[in-house]
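Peer 1: Before I ask anything, let me first share the structure, which is written out below as structure tokens.
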Number of protein chains: 8
Amino acid sequence: MDDILQALEAGELSAEQAKVKLTSYDNLGFAKVDRQRQERTGFPEVVYGEGKTADEIIRIFRSLKEHSEVLLATRIDEEKGRKIVEVHDDCTFDERSGTVYKKKPLEDTEHYIAVVCAGTSDLAVAEEAAITAEVFGVRVERVYDVGVAGLHRLLGEIERIRAARVSIVVAGMEGALPSVVGGLVAHPVLAVPTSVGYGANFGGVSALLSMLNSCSSGISVVNIDNGFGAAYNAVMIEKMAGS
Amino acid sequence: MDDILQALEAGELSAEQAKVKLTSYDNLGFAKVDRQRQERTGFPEVVYGEGKTADEIIRIFRSLKEHSEVLLATRIDEEKGRKIVEVHDDCTFDERSGTVYKKKPLEDTEHYIAVVCAGTSDLAVAEEAAITAEVFGVRVERVYDVGVAGLHRLLGEIERIRAARVSIVVAGMEGALPSVVGGLVAHPVLAVPTSVGYGANFGGVSALLSMLNSCSSGISVVNIDNGFGAAYNAVMIEKMAGS
Amino acid sequence: MDDILQALEAGELSAEQAKVKLTSYDNLGFAKVDRQRQERTGFPEVVYGEGKTADEIIRIFRSLKEHSEVLLATRIDEEKGRKIVEVHDDCTFDERSGTVYKKKPLEDTEHYIAVVCAGTSDLAVAEEAAITAEVFGVRVERVYDVGVAGLHRLLGEIERIRAARVSIVVAGMEGALPSVVGGLVAHPVLAVPTSVGYGANFGGVSALLSMLNSCSSGISVVNIDNGFGAAYNAVMIEKMAGS
Amino acid sequence: MDDILQALEAGELSAEQAKVKLTSYDNLGFAKVDRQRQERTGFPEVVYGEGKTADEIIRIFRSLKEHSEVLLATRIDEEKGRKIVEVHDDCTFDERSGTVYKKKPLEDTEHYIAVVCAGTSDLAVAEEAAITAEVFGVRVERVYDVGVAGLHRLLGEIERIRAARVSIVVAGMEGALPSVVGGLVAHPVLAVPTSVGYGANFGGVSALLSMLNSCSSGISVVNIDNGFGAAYNAVMIEKMAGS
Amino acid sequence: MDDILQALEAGELSAEQAKVKLTSYDNLGFAKVDRQRQERTGFPEVVYGEGKTADEIIRIFRSLKEHSEVLLATRIDEEKGRKIVEVHDDCTFDERSGTVYKKKPLEDTEHYIAVVCAGTSDLAVAEEAAITAEVFGVRVERVYDVGVAGLHRLLGEIERIRAARVSIVVAGMEGALPSVVGGLVAHPVLAVPTSVGYGANFGGVSALLSMLNSCSSGISVVNIDNGFGAAYNAVMIEKMAGS
Amino acid sequence: MDDILQALEAGELSAEQAKVKLTSYDNLGFAKVDRQRQERTGFPEVVYGEGKTADEIIRIFRSLKEHSEVLLATRIDEEKGRKIVEVHDDCTFDERSGTVYKKKPLEDTEHYIAVVCAGTSDLAVAEEAAITAEVFGVRVERVYDVGVAGLHRLLGEIERIRAARVSIVVAGMEGALPSVVGGLVAHPVLAVPTSVGYGANFGGVSALLSMLNSCSSGISVVNIDNGFGAAYNAVMIEKMAGS
Amino acid sequence: MDDILQALEAGELSAEQAKVKLTSYDNLGFAKVDRQRQERTGFPEVVYGEGKTADEIIRIFRSLKEHSEVLLATRIDEEKGRKIVEVHDDCTFDERSGTVYKKKPLEDTEHYIAVVCAGTSDLAVAEEAAITAEVFGVRVERVYDVGVAGLHRLLGEIERIRAARVSIVVAGMEGALPSVVGGLVAHPVLAVPTSVGYGANFGGVSALLSMLNSCSSGISVVNIDNGFGAAYNAVMIEKMAGS
Amino acid sequence: MDDILQALEAGELSAEQAKVKLTSYDNLGFAKVDRQRQERTGFPEVVYGEGKTADEIIRIFRSLKEHSEVLLATRIDEEKGRKIVEVHDDCTFDERSGTVYKKKPLEDTEHYIAVVCAGTSDLAVAEEAAITAEVFGVRVERVYDVGVAGLHRLLGEIERIRAARVSIVVAGMEGALPSVVGGLVAHPVLAVPTSVGYGANFGGVSALLSMLNSCSSGISVVNIDNGFGAAYNAVMIEKMAGS
């Protein structure tokens, strides 16, 4: 803002131009696409698919392609997914995680984010997180099917988790998992409660509370099923740590 | 009931006597004391102290002593406790757990119940459980200050827990503890959520939900802070297993 | 663990082999099957069917058959159930409880678990419990359609319940049932709230709270609709009691 | 209203007088005392004591005495109670139920309301109900200390409850009690949840839900701790049934 | 019970016969039909249709017809309803209330129950209540489409409500209605919250709380959508009041 | 009321006519249509479509047309909408907001209500509000797709919002939006939480709480998804402010 | 903002001055006092007393007096209140509402805000609202002790409420009051739930839900006990309507 | 673990020594102090003061001093705080945040964590976070008294927040603050809900939900009032980013 005000003061910008600077997006009518987001934040704009038609997402992708090499849409069901990749055939649709994306090849690196989950029922959210991180250019190690009820499985993988710079731990019925992982590693853990479960799970609330009350330090929590949000955070931290 | 009906049919009991059989308690006015509980269930009647005056508990103890060698009152605050043990000087008042009790010496045995808890804040409930079991004649091993955030402490004690026939796991902020213990032992685990904690613990509800959603099999749950109830269950199981 | 460490110290195991010992499962890609569970815990691994395809369950069963004479999968809908028993024709699909199983004939015994429920709406969960116990080799007595609103029905069956060593009481709208049963028997009661009901039942929460607040001692609770979990606990207790 | 409109039409009342008719109360400044309530509804106005000073209640009683032989104030703590009966020395203060009242002697009658409760902790609410009914001129039978965990006690008193025309069942931790009573009697049952209890009782919500979900027909529920409200209902029903 | 015990003592009954007396129902396998309920309580047994097949209800009706002139099944959807009345063609299926019933003609009487509701969305529950009362032999006046937001409509009908001996007030979004009615009548009001509504209604919880917190005395509440339960209570009260 | 009473006193009205005056609606059997609402309140009666058939709405519209130039029905799904506009072809069906309406042309005016929302997922509710206001004769400015996560978009539109006399701010996941808008404008803000969102949004409860706890003064809240209610309030305020 | 940007462009302001313009407050160290709030919004800054010491409030008042003739602090307990008026002796402390204030004499006007409440327990919140409105220069009519359970009292005052331009309806146990008032007046109603009550009131949540679900149009809601917020809204609307 | 196993295999460690390695803590009887935590995780052990006596904390500090130059205890009330610093006079007691600590002087650095909060009521939690970070050796910038209702204050400080590498945003009534900050910065934001507030804040739950539902990416949440936990996370991220 300082830059814009100074440019304005110096007469390098008109008041009108200053206003545009603060509001540069592409108005598609049904949505305003933020073309300069990547430049401003280092992250491309991601399309949240719920409540948007396939057509709308196709048009948003078209607009985004002018400024971004990578693309990501989340919460896409099968029907929409098929339609989108028919038009944007350089994109991939992943049914399990409900994402459509276009990645760049990752550079070779020893640094990675660990995405950890306990059960097959948490895979959708775990994959949303993993694919998001990869689209944002970060290497991911998937550590799946490790739960506290079978602690030996988790201990068998713990070195792979410890070597990560950030962990994302996805859990529904195994709400205890982030606590246990958090007590075994020395890096930040992002916990993602999932809505899967039965009985008194209440759409993920039980897992959420369990994670918030964790006694392990170094754990923070994102919203239920929000694999994307966890990945966004993890990527921010990973990029800050440098290569 | 069959016995009573048959005795009645056989003329060994009058209808009046049959009625008394079903309703044998000592009416103290403010409370009906169940004198034959021990005979009927194998367990002495325990006094729930909340809402009763010291005087009332003293009188109930007097009535119970006619039929029982052991005594237990729970939820007793310091003032009441002091008054009760002044009169019943063969009883002990334990401030931390809020219990007044009279135990019999335990027989020598290799079998025991493990009472496990994570933090100092759960000690009151853990001790209510431990003392209850001891009053009921069962040996207890206390495994305190072991939590999932410092898994090595728990693993350092796991053999002592495994050797028990039943475990009581008491946890407030460490709602994950029963899941982890349950995954490491092959005997029944009774989980007791505690109301201690801060933030989104909601007086123990978070721990309660965490325990109910545990993926480890072999775990069942009692009410928040109900150390007595867990011990009652554990003793039942332990006694069933024989010596 | 001690054994493995000592064997390692004695040179009988390499560090690599010690690691394998702690992590022995069959990696099918989509799931890690725990082949040695029965040996370690005395219980076979049970397949939780929700979120798994029929194909995946068929392959897990194949892997489990190498180590186990009995099989159990829960939360199986009709379509999956039909497919599984087509391939594994030594298994039975029970639609009401949503289970696929293979039992061994039970030995003749006077000892049993009572599975008690009030209404037809609780039958699915009650049967999940009953079948689980039978697959695990324990005799079950079913005491169905007894509720507190018609106390005479319950009293008419009470001797059959009393003679059990453990009771599982399944209840949705009749949340009071475990309290009443618990007051009439002298053995452990496992209460299972069910999500069936209407009005302010909140998917079983009302029954759950009712059970947790029971004044009868000797009751512990498992998660809503978790008939399997109750049976697992009951079998543990029953087996501990010996034959 | 018809009467007033017709009198107005007939010129027997002015519009102003008609207005007064609809709004006849005594304006004390801090409260409007409804002097004609008893005439209109058959019930005297009862003072809800919470948030009112002793002085205010003393003045309201003075105003009410002009039209009513009986008086009742609820939710009165000890200090206020003492002050009120100092001035109104024909009134009695009952500390346990927090009421100040003046009754008329009851006529001799076989008809009564049963007030049933399980534990000593529910006595305050039970007594608020019992005293209210007596102030309103109805005989009460108190059936206290009967709970579902000790069913024989309840069965020992069931005939006394059955003989009532209405029952008020007060319960906190014994939320099941109204269900069981409701299944054993053939008259209306008013259930009052109480806020006493521990663990997951949530200030009476657990008992409230338990009562709402009761499968016994013939049960309706009033607010938590609202002994007065239950008695008001019961008295209405009792009076309707005639003598 | 006394009678049975005395008959037993007198040798008029064997112990076996006494047992049968307490447990007289018709065991259909999937359900136990209580043939003597009407004799015992004055009310016929009503079939709760949820979770039962059309066939099962048809068979229960057959069994009930042996002892009862009237029949009622609630929570019946259209498909089941059609099947039942095909077989039991003396029964009527009412789609709106989801009931199948057979009534007796009502005797001529000035006494009635008022069933009051505000909106068209509460009609299903109101009709369940009205039909239940009629099947149980009580006259009903329906006062529909009166709500507090248009107070003049309610005041226009208030005399018809006042003349009833009991009112059932059904309300979802108009949770205030029972309070207002309760303040205008001098007879018992049974309030039924309904699950219909939008926004922060939470499946009827908002209406339920509103009703429980009503300041009008003489109101009691049944479970959400439980029109049947309200009618059962109302009929009990009405019958007690005599003709 | 005064007028009616005085007319009655003066003999200008009979008691019967006075009664009619208070209760003037058109009884269609299934609903009472309030023909004089517009005259009485200045607002036409609006049809709440949920739970009504297309036929019923068509008949209500016919009755309303006798007294009103404008028409509005809310919560109309596509099928019903099509049917209604087939018969009432001077009406428009708007699928997104689920409304059928007939507007009058707006007079030219500089005054307007701003309807503000953040995401495409809140459009349905925002449009219900906007169309309602327009049917009631008030100009609306739509300020859509502005959210706090992209504050520059909101600041780019803030002058358009500031120039309104009332704002309606609709938000689900962006519960913070009304707080931020409320801090930037000097006119009343009506906040509408929406049920759209995922994770711990709980059908709009999260947004509702966020709005209630707003620190900005000048904000009040209507029920979740109640765009109509917000518009009704806003129009009242707008009309009070004059032209 | 436009003005500042244009002034900056025109060289009338430096970038530094522009920044100051946007951030003009008085930094007292423990709080930033917004001196230009009145000029910007037409309302003086009000001090929220909770969590501030008497000394801090005294200093904030001193700072505010430089720009404002009127003063208001809310949530002030007795001790703080006494201290503040000792120093600022032109201020009044009102204990019931917990406010310290300095008003200007009101101009003579026929326009007013009605503040309506049902019980003595709601007076604190009602007075916070009334005093706030008066400090902001608006006439208030207090209509207290009118509730739906005694509808005649409310109807006796309805004309006084109808004549207001806005109503504030404060209610705890009488959650129905705003619905009923809303149905009887043709101006905006601001509903304030209060935390006073007993049983299932949940600190005002029950009243809050009741108000949100009101079927009367023209009602909006502020936070529990937020009398100040309601008054702030009402004053905005009142001022917009002109004199 | 690998190291220990290999050392054991190589005979460099005995099985006994290996066990000690995994369980190295100082057993004080009432607590096990983890002496090697700093070595293992890079962070000193922090004492959670709730439920511990001053004496116990004094002894734990003594034990910790053998391995750590810095000390921190949280949740310390005034009385305990005074006692601890009397003995450990190199420590400071900060009453507002309830912490006792001993810091090392910070190295000169341009990198810092921003701790942001809106109101004076959030200061305690904000200071717990700030002091924790400083004890752990990280520079902190405090940005207090900036809230969304006065957006200009926040915008006036935004550059200072943007220049941080991580932000901790503490908010109770201003639950919207993290969303707004998150949308204005390009680094990770840790949101801390606080339990301060009134009305429908529910001890911080409202703020918690608001934060979880934030639409700004890059936000994660810790438990209510858990300033320590947020700081622990922030320090981890900050240290990972390097100097």
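Simple scheme: letters A, B, ... for chains in structure tokens order, numbers from 1 for residues in each chain, numbers from 1 for ligands in the order shown.
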Using DSSP on the backbone coordinates, identify all residues within range 55-146 of chain E classified as strand (DSSP E or B); present the result as a list in words.
Peer 2: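 Taking range 55-146 of chain E and keeping strand (DSSP E or B) only, one gets Leu71, Leu72, Ala73, Thr74, Thr92, Phe93, Asp94, Thr99, Val100, Tyr101, Lys102, Ile113, Ala114, Val115, Val116, Cys117, Val140, Glu141, Arg142 and Val143 of chain E.
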Peer 1: Do you have, as a Markdown table, the list of residues of chain A lying at most 7 Å from chain H, each with its nearest atom pair and that distance in Å to one decimal, counting only C-alpha atoms and ordered by chain then number?
Peer 2:
| residue | atom | partner | partner_atom | distance |
| --- | --- | --- | --- | --- |
| A:Thr41 | CA | H:Ala186 | CA | 5.5 |
| A:Ala186 | CA | H:Thr41 | CA | 5.5 |
| A:His187 | CA | H:Met236 | CA | 6.5 |
| A:Pro188 | CA | H:Asn233 | CA | 6.2 |
| A:Leu212 | CA | H:Asn223 | CA | 4.9 |
| A:Asn213 | CA | H:Asn223 | CA | 6.5 |
| A:Ser217 | CA | H:Gly229 | CA | 5.9 |
| A:Gly218 | CA | H:Asn233 | CA | 4.6 |
| A:Ile219 | CA | H:Asn233 | CA | 6.7 |
| A:Ser220 | CA | H:Val222 | CA | 5.1 |
| A:Val221 | CA | H:Val221 | CA | 4.9 |
| A:Val222 | CA | H:Ser220 | CA | 5.1 |
| A:Asn223 | CA | H:Leu212 | CA | 4.9 |
| A:Gly229 | CA | H:Ser217 | CA | 5.9 |
| A:Tyr232 | CA | H:Gly218 | CA | 5.8 |
| A:Asn233 | CA | H:Gly218 | CA | 4.7 |
| A:Met236 | CA | H:Pro188 | CA | 6.4 |
| A:Ile237 | CA | H:Ile237 | CA | 6.4 |
| A:Met240 | CA | H:Ala241 | CA | 5.3 |
| A:Ala241 | CA | H:Ala241 | CA | 4.1 |
| A:Gly242 | CA | H:Ala241 | CA | 7.0 |
Peer 1: Would you mind listing what lies within 10 Å of range 88-101 of chain G as number ranges by chain, with only C-alpha atoms counted and same-chain residues fewer than 3 positions away left out?
Peer 2: G: 46-49, 58, 61-62, 70-85, 123-132, 134-135, 227
Peer 1: For CA of Asn201 in chain H and CA of Pro178 in chain H, quote the distance in Å rounded to one decimal.
Peer 2: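 Separation between CA of Asn201 in chain H and CA of Pro178 in chain H: 16.6 Å.
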Peer 1: Based on the backbone DSSP call, show me all residues of range 37-208 of chain G assigned helix (DSSP H, G or I), as a VMD selection string.
Peer 2: chain G and resid 37 to 41 54 to 65 78 to 87 120 to 135 148 to 162 177 to 184 202 to 208
Peer 1: Just how far from CA of Glu12 in chain C is CA of Ala7 in chain H, in Å to one decimal?
Peer 2: 15.1 Å
Peer 1: Could you give me, as number ranges by chain, the residues within 12 Å of Glu141 in chain H, counting only C-alpha atoms and dropping anything in the same chain fewer than 2 positions from it?
Peer 2: H: 110-117, 126-127, 129-131, 133-134, 138-139, 143-144, 157, 159-169
